[in-house]
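Chemist: My structure file my_file_3.cif, mmCIF, N, CA and C atoms, is below:
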```
data_structure
#
loop_
_atom_site.group_PDB
_atom_site.id
_atom_site.type_symbol
_atom_site.label_atom_id
_atom_site.label_comp_id
_atom_site.auth_asym_id
_atom_site.auth_seq_id
_atom_site.Cartn_x
_atom_site.Cartn_y
_atom_site.Cartn_z
ATOM 1 N N MET A 192 130.885 -160.236 -28.465
ATOM 2 C CA MET A 192 130.668 -159.638 -27.177
ATOM 3 C C MET A 192 131.306 -160.465 -26.063
ATOM 4 N N CYS A 193 131.474 -161.757 -26.299
ATOM 5 C CA CYS A 193 132.136 -162.595 -25.295
ATOM 6 C C CYS A 193 133.551 -162.097 -25.041
ATOM 7 N N HIS A 194 134.235 -161.693 -26.118
ATOM 8 C CA HIS A 194 135.601 -161.195 -25.998
ATOM 9 C C HIS A 194 135.628 -159.925 -25.143
ATOM 10 N N VAL A 195 134.636 -159.060 -25.312
ATOM 11 C CA VAL A 195 134.570 -157.808 -24.556
ATOM 12 C C VAL A 195 134.453 -158.097 -23.060
ATOM 13 N N VAL A 196 133.564 -158.999 -22.689
ATOM 14 C CA VAL A 196 133.369 -159.329 -21.277
ATOM 15 C C VAL A 196 134.621 -159.987 -20.708
ATOM 16 N N LYS A 197 135.215 -160.888 -21.465
ATOM 17 C CA LYS A 197 136.427 -161.561 -20.997
ATOM 18 C C LYS A 197 137.551 -160.550 -20.790
ATOM 19 N N ARG A 198 137.733 -159.619 -21.711
ATOM 20 C CA ARG A 198 138.783 -158.610 -21.578
ATOM 21 C C ARG A 198 138.522 -157.692 -20.383
ATOM 22 N N LEU A 199 137.255 -157.327 -20.170
ATOM 23 C CA LEU A 199 136.908 -156.484 -19.024
ATOM 24 C C LEU A 199 137.281 -157.181 -17.726
ATOM 25 N N LEU A 200 136.874 -158.431 -17.571
ATOM 26 C CA LEU A 200 137.164 -159.158 -16.342
ATOM 27 C C LEU A 200 138.658 -159.349 -16.134
ATOM 28 N N LEU A 201 139.367 -159.695 -17.190
ATOM 29 C CA LEU A 201 140.828 -159.837 -17.088
ATOM 30 C C LEU A 201 141.473 -158.508 -16.722
ATOM 31 N N GLY A 202 140.980 -157.420 -17.300
ATOM 32 C CA GLY A 202 141.509 -156.091 -17.013
ATOM 33 C C GLY A 202 141.284 -155.669 -15.570
ATOM 34 N N LEU A 203 140.228 -156.179 -14.960
ATOM 35 C CA LEU A 203 139.957 -155.878 -13.550
ATOM 36 C C LEU A 203 140.780 -156.755 -12.607
ATOM 37 N N GLY A 204 141.440 -157.763 -13.157
ATOM 38 C CA GLY A 204 142.255 -158.648 -12.332
ATOM 39 C C GLY A 204 141.571 -159.953 -11.962
ATOM 40 N N VAL A 205 140.458 -160.239 -12.610
ATOM 41 C CA VAL A 205 139.725 -161.474 -12.358
ATOM 42 C C VAL A 205 140.253 -162.554 -13.291
ATOM 43 N N GLY A 206 140.407 -163.750 -12.781
ATOM 44 C CA GLY A 206 140.782 -164.896 -13.612
ATOM 45 C C GLY A 206 139.546 -165.735 -13.883
ATOM 46 N N PRO A 207 138.738 -165.348 -14.863
ATOM 47 C CA PRO A 207 137.463 -166.047 -15.064
ATOM 48 C C PRO A 207 137.641 -167.457 -15.612
ATOM 49 N N THR A 208 136.717 -168.317 -15.241
ATOM 50 C CA THR A 208 136.620 -169.622 -15.878
ATOM 51 C C THR A 208 135.773 -169.412 -17.118
ATOM 52 N N VAL A 209 136.311 -169.748 -18.269
ATOM 53 C CA VAL A 209 135.628 -169.476 -19.539
ATOM 54 C C VAL A 209 135.363 -170.791 -20.252
ATOM 55 N N TYR A 210 134.126 -170.994 -20.634
ATOM 56 C CA TYR A 210 133.741 -172.146 -21.440
ATOM 57 C C TYR A 210 133.436 -171.640 -22.840
ATOM 58 N N GLU A 211 134.308 -171.946 -23.778
ATOM 59 C CA GLU A 211 134.106 -171.561 -25.173
ATOM 60 C C GLU A 211 133.207 -172.604 -25.813
ATOM 61 N N LEU A 212 131.938 -172.278 -25.973
ATOM 62 C CA LEU A 212 130.954 -173.255 -26.434
ATOM 63 C C LEU A 212 131.281 -173.819 -27.803
ATOM 64 N N ASP A 213 131.887 -173.012 -28.652
ATOM 65 C CA ASP A 213 132.223 -173.508 -29.995
ATOM 66 C C ASP A 213 133.397 -174.483 -29.970
ATOM 67 N N GLN A 214 134.084 -174.591 -28.831
ATOM 68 C CA GLN A 214 135.212 -175.510 -28.723
ATOM 69 C C GLN A 214 134.884 -176.741 -27.884
ATOM 70 N N LEU A 215 133.687 -176.777 -27.304
ATOM 71 C CA LEU A 215 133.269 -177.920 -26.505
ATOM 72 C C LEU A 215 132.552 -178.933 -27.382
ATOM 73 N N GLY A 216 132.654 -180.183 -26.994
ATOM 74 C CA GLY A 216 131.931 -181.229 -27.705
ATOM 75 C C GLY A 216 130.432 -180.993 -27.654
ATOM 76 N N ARG A 217 129.736 -181.366 -28.674
ATOM 77 C CA ARG A 217 128.285 -181.233 -28.780
ATOM 78 C C ARG A 217 127.831 -179.786 -28.656
ATOM 79 N N GLY A 218 128.687 -178.836 -28.997
ATOM 80 C CA GLY A 218 128.286 -177.433 -28.976
ATOM 81 C C GLY A 218 128.002 -176.880 -27.598
ATOM 82 N N GLY A 219 128.584 -177.461 -26.558
ATOM 83 C CA GLY A 219 128.409 -176.956 -25.206
ATOM 84 C C GLY A 219 127.114 -177.386 -24.558
ATOM 85 N N ARG A 220 126.482 -178.414 -25.074
ATOM 86 C CA ARG A 220 125.193 -178.843 -24.517
ATOM 87 C C ARG A 220 125.310 -179.377 -23.096
ATOM 88 N N GLU A 221 126.545 -179.693 -22.665
ATOM 89 C CA GLU A 221 126.691 -180.215 -21.312
ATOM 90 C C GLU A 221 126.653 -179.109 -20.263
ATOM 91 N N ILE A 222 126.636 -177.852 -20.671
ATOM 92 C CA ILE A 222 126.530 -176.741 -19.734
ATOM 93 C C ILE A 222 125.067 -176.316 -19.713
ATOM 94 N N HIS A 223 124.439 -176.450 -18.548
ATOM 95 C CA HIS A 223 123.008 -176.173 -18.458
ATOM 96 C C HIS A 223 122.713 -175.207 -17.323
ATOM 97 N N SER A 224 121.785 -174.330 -17.560
ATOM 98 C CA SER A 224 121.215 -173.494 -16.526
ATOM 99 C C SER A 224 119.796 -173.180 -16.960
ATOM 100 N N PRO A 225 118.827 -173.378 -16.079
ATOM 101 C CA PRO A 225 117.450 -173.128 -16.477
ATOM 102 C C PRO A 225 117.169 -171.669 -16.795
ATOM 103 N N SER A 226 118.030 -170.753 -16.338
ATOM 104 C CA SER A 226 117.777 -169.333 -16.571
ATOM 105 C C SER A 226 118.546 -168.771 -17.755
ATOM 106 N N VAL A 227 119.241 -169.623 -18.503
ATOM 107 C CA VAL A 227 120.021 -169.157 -19.650
ATOM 108 C C VAL A 227 119.514 -169.847 -20.903
ATOM 109 N N SER A 228 119.125 -169.057 -21.883
ATOM 110 C CA SER A 228 118.710 -169.653 -23.144
ATOM 111 C C SER A 228 119.942 -169.942 -23.985
ATOM 112 N N ALA A 229 119.780 -170.769 -25.001
ATOM 113 C CA ALA A 229 120.907 -171.159 -25.849
ATOM 114 C C ALA A 229 121.520 -169.956 -26.564
ATOM 115 N N ALA A 230 120.729 -168.921 -26.828
ATOM 116 C CA ALA A 230 121.229 -167.767 -27.567
ATOM 117 C C ALA A 230 121.836 -166.703 -26.657
ATOM 118 N N ALA A 231 121.766 -166.870 -25.353
ATOM 119 C CA ALA A 231 122.215 -165.847 -24.412
ATOM 120 C C ALA A 231 123.688 -166.028 -24.073
ATOM 121 N N VAL A 232 124.553 -165.641 -24.971
ATOM 122 C CA VAL A 232 125.978 -165.675 -24.693
ATOM 123 C C VAL A 232 126.559 -164.288 -24.903
ATOM 124 N N PRO A 233 127.442 -163.833 -24.073
ATOM 125 C CA PRO A 233 127.960 -164.566 -22.929
ATOM 126 C C PRO A 233 126.950 -164.611 -21.788
ATOM 127 N N ALA A 234 126.985 -165.687 -21.064
ATOM 128 C CA ALA A 234 126.220 -165.818 -19.826
ATOM 129 C C ALA A 234 127.243 -165.751 -18.700
ATOM 130 N N VAL A 235 127.194 -164.702 -17.914
ATOM 131 C CA VAL A 235 128.205 -164.459 -16.891
ATOM 132 C C VAL A 235 127.653 -164.835 -15.519
ATOM 133 N N PHE A 236 128.375 -165.710 -14.848
ATOM 134 C CA PHE A 236 128.035 -166.137 -13.501
ATOM 135 C C PHE A 236 129.079 -165.579 -12.547
ATOM 136 N N VAL A 237 128.632 -165.041 -11.427
ATOM 137 C CA VAL A 237 129.528 -164.527 -10.395
ATOM 138 C C VAL A 237 129.149 -165.213 -9.094
ATOM 139 N N GLY A 238 130.083 -165.935 -8.517
ATOM 140 C CA GLY A 238 129.811 -166.656 -7.287
ATOM 141 C C GLY A 238 128.741 -167.724 -7.449
ATOM 142 N N GLY A 239 128.669 -168.312 -8.632
ATOM 143 C CA GLY A 239 127.699 -169.368 -8.897
ATOM 144 C C GLY A 239 126.315 -168.879 -9.260
ATOM 145 N N GLN A 240 126.105 -167.585 -9.249
ATOM 146 C CA GLN A 240 124.807 -167.004 -9.580
ATOM 147 C C GLN A 240 124.885 -166.287 -10.921
ATOM 148 N N LEU A 241 123.835 -166.427 -11.720
ATOM 149 C CA LEU A 241 123.797 -165.763 -13.013
ATOM 150 C C LEU A 241 123.713 -164.258 -12.823
ATOM 151 N N LEU A 242 124.680 -163.541 -13.366
ATOM 152 C CA LEU A 242 124.636 -162.086 -13.372
ATOM 153 C C LEU A 242 123.848 -161.615 -14.587
ATOM 154 N N GLY A 243 124.175 -162.169 -15.748
ATOM 155 C CA GLY A 243 123.473 -161.800 -16.974
ATOM 156 C C GLY A 243 124.411 -161.810 -18.161
ATOM 157 N N GLY A 244 124.009 -161.114 -19.201
ATOM 158 C CA GLY A 244 124.795 -161.032 -20.420
ATOM 159 C C GLY A 244 125.663 -159.793 -20.441
ATOM 160 N N VAL A 245 126.130 -159.461 -21.620
ATOM 161 C CA VAL A 245 127.053 -158.344 -21.771
ATOM 162 C C VAL A 245 126.424 -157.025 -21.305
ATOM 163 N N GLU A 246 125.140 -156.823 -21.575
ATOM 164 C CA GLU A 246 124.493 -155.574 -21.171
ATOM 165 C C GLU A 246 124.500 -155.414 -19.654
ATOM 166 N N LYS A 247 124.194 -156.493 -18.944
ATOM 167 C CA LYS A 247 124.165 -156.444 -17.485
ATOM 168 C C LYS A 247 125.563 -156.243 -16.918
ATOM 169 N N VAL A 248 126.545 -156.938 -17.465
ATOM 170 C CA VAL A 248 127.930 -156.796 -16.993
ATOM 171 C C VAL A 248 128.415 -155.372 -17.202
ATOM 172 N N MET A 249 128.179 -154.822 -18.384
ATOM 173 C CA MET A 249 128.625 -153.459 -18.670
ATOM 174 C C MET A 249 127.877 -152.443 -17.817
ATOM 175 N N SER A 250 126.595 -152.666 -17.592
ATOM 176 C CA SER A 250 125.803 -151.781 -16.736
ATOM 177 C C SER A 250 126.359 -151.770 -15.318
ATOM 178 N N CYS A 251 126.657 -152.949 -14.792
ATOM 179 C CA CYS A 251 127.235 -153.047 -13.448
ATOM 180 C C CYS A 251 128.605 -152.386 -13.389
ATOM 181 N N HIS A 252 129.380 -152.523 -14.443
ATOM 182 C CA HIS A 252 130.702 -151.890 -14.489
ATOM 183 C C HIS A 252 130.567 -150.371 -14.480
ATOM 184 N N ILE A 253 129.674 -149.862 -15.296
ATOM 185 C CA ILE A 253 129.495 -148.412 -15.403
ATOM 186 C C ILE A 253 128.935 -147.814 -14.114
ATOM 187 N N ASN A 254 127.976 -148.499 -13.486
ATOM 188 C CA ASN A 254 127.383 -147.922 -12.270
ATOM 189 C C ASN A 254 128.196 -148.223 -11.005
ATOM 190 N N GLY A 255 129.302 -148.940 -11.150
ATOM 191 C CA GLY A 255 130.206 -149.173 -10.030
ATOM 192 C C GLY A 255 129.868 -150.366 -9.151
ATOM 193 N N SER A 256 128.912 -151.178 -9.556
ATOM 194 C CA SER A 256 128.532 -152.312 -8.707
ATOM 195 C C SER A 256 129.254 -153.614 -9.058
ATOM 196 N N LEU A 257 129.978 -153.651 -10.171
ATOM 197 C CA LEU A 257 130.632 -154.887 -10.587
ATOM 198 C C LEU A 257 131.787 -155.268 -9.662
ATOM 199 N N VAL A 258 132.666 -154.337 -9.362
ATOM 200 C CA VAL A 258 133.824 -154.642 -8.519
ATOM 201 C C VAL A 258 133.394 -155.117 -7.129
ATOM 202 N N PRO A 259 132.453 -154.437 -6.448
ATOM 203 C CA PRO A 259 132.015 -154.970 -5.149
ATOM 204 C C PRO A 259 131.391 -156.366 -5.251
ATOM 205 N N LEU A 260 130.662 -156.619 -6.318
ATOM 206 C CA LEU A 260 130.068 -157.934 -6.529
ATOM 207 C C LEU A 260 131.154 -158.999 -6.691
ATOM 208 N N LEU A 261 132.196 -158.680 -7.455
ATOM 209 C CA LEU A 261 133.303 -159.606 -7.654
ATOM 210 C C LEU A 261 134.071 -159.835 -6.356
ATOM 211 N N LYS A 262 134.251 -158.773 -5.577
ATOM 212 C CA LYS A 262 134.922 -158.908 -4.281
ATOM 213 C C LYS A 262 134.120 -159.795 -3.343
ATOM 214 N N GLN A 263 132.810 -159.571 -3.291
ATOM 215 C CA GLN A 263 131.946 -160.351 -2.419
ATOM 216 C C GLN A 263 131.986 -161.836 -2.780
ATOM 217 N N ALA A 264 132.124 -162.136 -4.070
ATOM 218 C CA ALA A 264 132.166 -163.521 -4.537
ATOM 219 C C ALA A 264 133.547 -164.144 -4.355
ATOM 220 N N GLY A 265 134.536 -163.336 -3.981
ATOM 221 C CA GLY A 265 135.885 -163.840 -3.805
ATOM 222 C C GLY A 265 136.671 -163.954 -5.101
ATOM 223 N N ALA A 266 136.188 -163.299 -6.134
ATOM 224 C CA ALA A 266 136.850 -163.352 -7.433
ATOM 225 C C ALA A 266 137.864 -162.235 -7.603
ATOM 226 N N LEU A 267 137.861 -161.281 -6.694
ATOM 227 C CA LEU A 267 138.732 -160.121 -6.779
ATOM 228 C C LEU A 267 139.165 -159.754 -5.374
ATOM 229 N N TRP A 268 140.448 -159.514 -5.191
ATOM 230 C CA TRP A 268 140.975 -159.263 -3.846
ATOM 231 C C TRP A 268 141.530 -157.862 -3.660
ATOM 232 N N LEU A 269 141.222 -156.942 -4.522
ATOM 233 C CA LEU A 269 141.750 -155.570 -4.390
ATOM 234 C C LEU A 269 141.102 -154.827 -3.264
#
```
Now, as a test, write the supplied structure out as structure tokens.
Modeler:
Amino acid sequence: MCHVVKRLLLGLGVGPTVYELDQLGRGGREIHSPSVSAAAVPAVFVGGQLLGGVEKVMSCHINGSLVPLLKQAGALWL
């Protein structure tokens, strides 16, 4: 599902910062957020705030709120 979210964001013109936990030392333990459990991947942050996982990202995309959210965060300039 991480690939799906990454492809969606790239397709919208966003250049996301991606942390591949399986490629980080110690399994990505240096990335911490009190609102994200270890099993909640992908964990998508927009403008420094947790948006959610794949279900939330896809829901926002379908209901039309994702692009305005990305614009507001400065991640998209269309």
Chemist: Report as an mmCIF file with N, CA and C atoms, in the coordinates of the input the residues that result from applying the PyMOL selection byres (((chain A and resi 209-211 and name CA) around 10) and name CA) to the structure here.
Modeler:
```cif
data_model
loop_
_atom_site.group_PDB
_atom_site.id
_atom_site.type_symbol
_atom_site.label_atom_id
_atom_site.label_comp_id
_atom_site.auth_asym_id
_atom_site.auth_seq_id
_atom_site.Cartn_x
_atom_site.Cartn_y
_atom_site.Cartn_z
ATOM 1 N N CYS A 193 131.474 -161.757 -26.299
ATOM 2 C CA CYS A 193 132.136 -162.595 -25.295
ATOM 3 C C CYS A 193 133.551 -162.097 -25.041
ATOM 4 N N LYS A 197 135.215 -160.888 -21.465
ATOM 5 C CA LYS A 197 136.427 -161.561 -20.997
ATOM 6 C C LYS A 197 137.551 -160.550 -20.790
ATOM 7 N N GLY A 206 140.407 -163.750 -12.781
ATOM 8 C CA GLY A 206 140.782 -164.896 -13.612
ATOM 9 C C GLY A 206 139.546 -165.735 -13.883
ATOM 10 N N PRO A 207 138.738 -165.348 -14.863
ATOM 11 C CA PRO A 207 137.463 -166.047 -15.064
ATOM 12 C C PRO A 207 137.641 -167.457 -15.612
ATOM 13 N N THR A 208 136.717 -168.317 -15.241
ATOM 14 C CA THR A 208 136.620 -169.622 -15.878
ATOM 15 C C THR A 208 135.773 -169.412 -17.118
ATOM 16 N N LEU A 212 131.938 -172.278 -25.973
ATOM 17 C CA LEU A 212 130.954 -173.255 -26.434
ATOM 18 C C LEU A 212 131.281 -173.819 -27.803
ATOM 19 N N ASP A 213 131.887 -173.012 -28.652
ATOM 20 C CA ASP A 213 132.223 -173.508 -29.995
ATOM 21 C C ASP A 213 133.397 -174.483 -29.970
ATOM 22 N N GLN A 214 134.084 -174.591 -28.831
ATOM 23 C CA GLN A 214 135.212 -175.510 -28.723
ATOM 24 C C GLN A 214 134.884 -176.741 -27.884
ATOM 25 N N LEU A 215 133.687 -176.777 -27.304
ATOM 26 C CA LEU A 215 133.269 -177.920 -26.505
ATOM 27 C C LEU A 215 132.552 -178.933 -27.382
ATOM 28 N N GLY A 218 128.687 -178.836 -28.997
ATOM 29 C CA GLY A 218 128.286 -177.433 -28.976
ATOM 30 C C GLY A 218 128.002 -176.880 -27.598
ATOM 31 N N GLY A 219 128.584 -177.461 -26.558
ATOM 32 C CA GLY A 219 128.409 -176.956 -25.206
ATOM 33 C C GLY A 219 127.114 -177.386 -24.558
ATOM 34 N N ILE A 222 126.636 -177.852 -20.671
ATOM 35 C CA ILE A 222 126.530 -176.741 -19.734
ATOM 36 C C ILE A 222 125.067 -176.316 -19.713
ATOM 37 N N PRO A 233 127.442 -163.833 -24.073
ATOM 38 C CA PRO A 233 127.960 -164.566 -22.929
ATOM 39 C C PRO A 233 126.950 -164.611 -21.788
ATOM 40 N N ALA A 234 126.985 -165.687 -21.064
ATOM 41 C CA ALA A 234 126.220 -165.818 -19.826
ATOM 42 C C ALA A 234 127.243 -165.751 -18.700
ATOM 43 N N VAL A 235 127.194 -164.702 -17.914
ATOM 44 C CA VAL A 235 128.205 -164.459 -16.891
ATOM 45 C C VAL A 235 127.653 -164.835 -15.519
#
```
Chemist: Could you check how far atom CA of Gly265 of chain A sits from atom CA of Gly204 of chain A, in Å to one decimal?
Modeler: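 Distance reported for this atom pair: 11.8 Å.
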Chemist: Between atom N of Val195 of chain A and atom N of Met249 of chain A, what is the distance in Å, rounded to a tenth?
Modeler: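 It comes out at 10.4 Å.
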Chemist: Interatomic distance between atom C of Ala231 of chain A and atom C of Trp268 of chain A?
Modeler: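 Pair atom C of Ala231 of chain A / atom C of Trp268 of chain A returns 28.3 Å.
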Chemist: Could you list the residues chosen by the PyMOL selection byres (((chain A and resi 264 and name CA) around 12) and name CA) in this structure as a PyMOL selection string?
Modeler: chain A and resi 205+236-240+242+257-263+265-268
Chemist: Return as lines of an AutoDock Vina configuration file the box centre and box size in Å, one decimal, for an axis-aligned box around all listed atoms of segment 234-253 of chain A padded by 6 Å per side.
Modeler:
```
center_x = 127.1
center_y = -158.6
center_z = -14.5
size_x = 19.2
size_y = 33.6
size_z = 26.5
```
Chemist: Compare A:Ser256, A:Leu241, A:Val232, A:Lys247 by their minimum atom-to-atom distance to Met192 of chain A, counting all atoms listed in the file, and give me the closest one.
Modeler: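 Of all the options, A:Val232 lies closest to Met192 of chain A.
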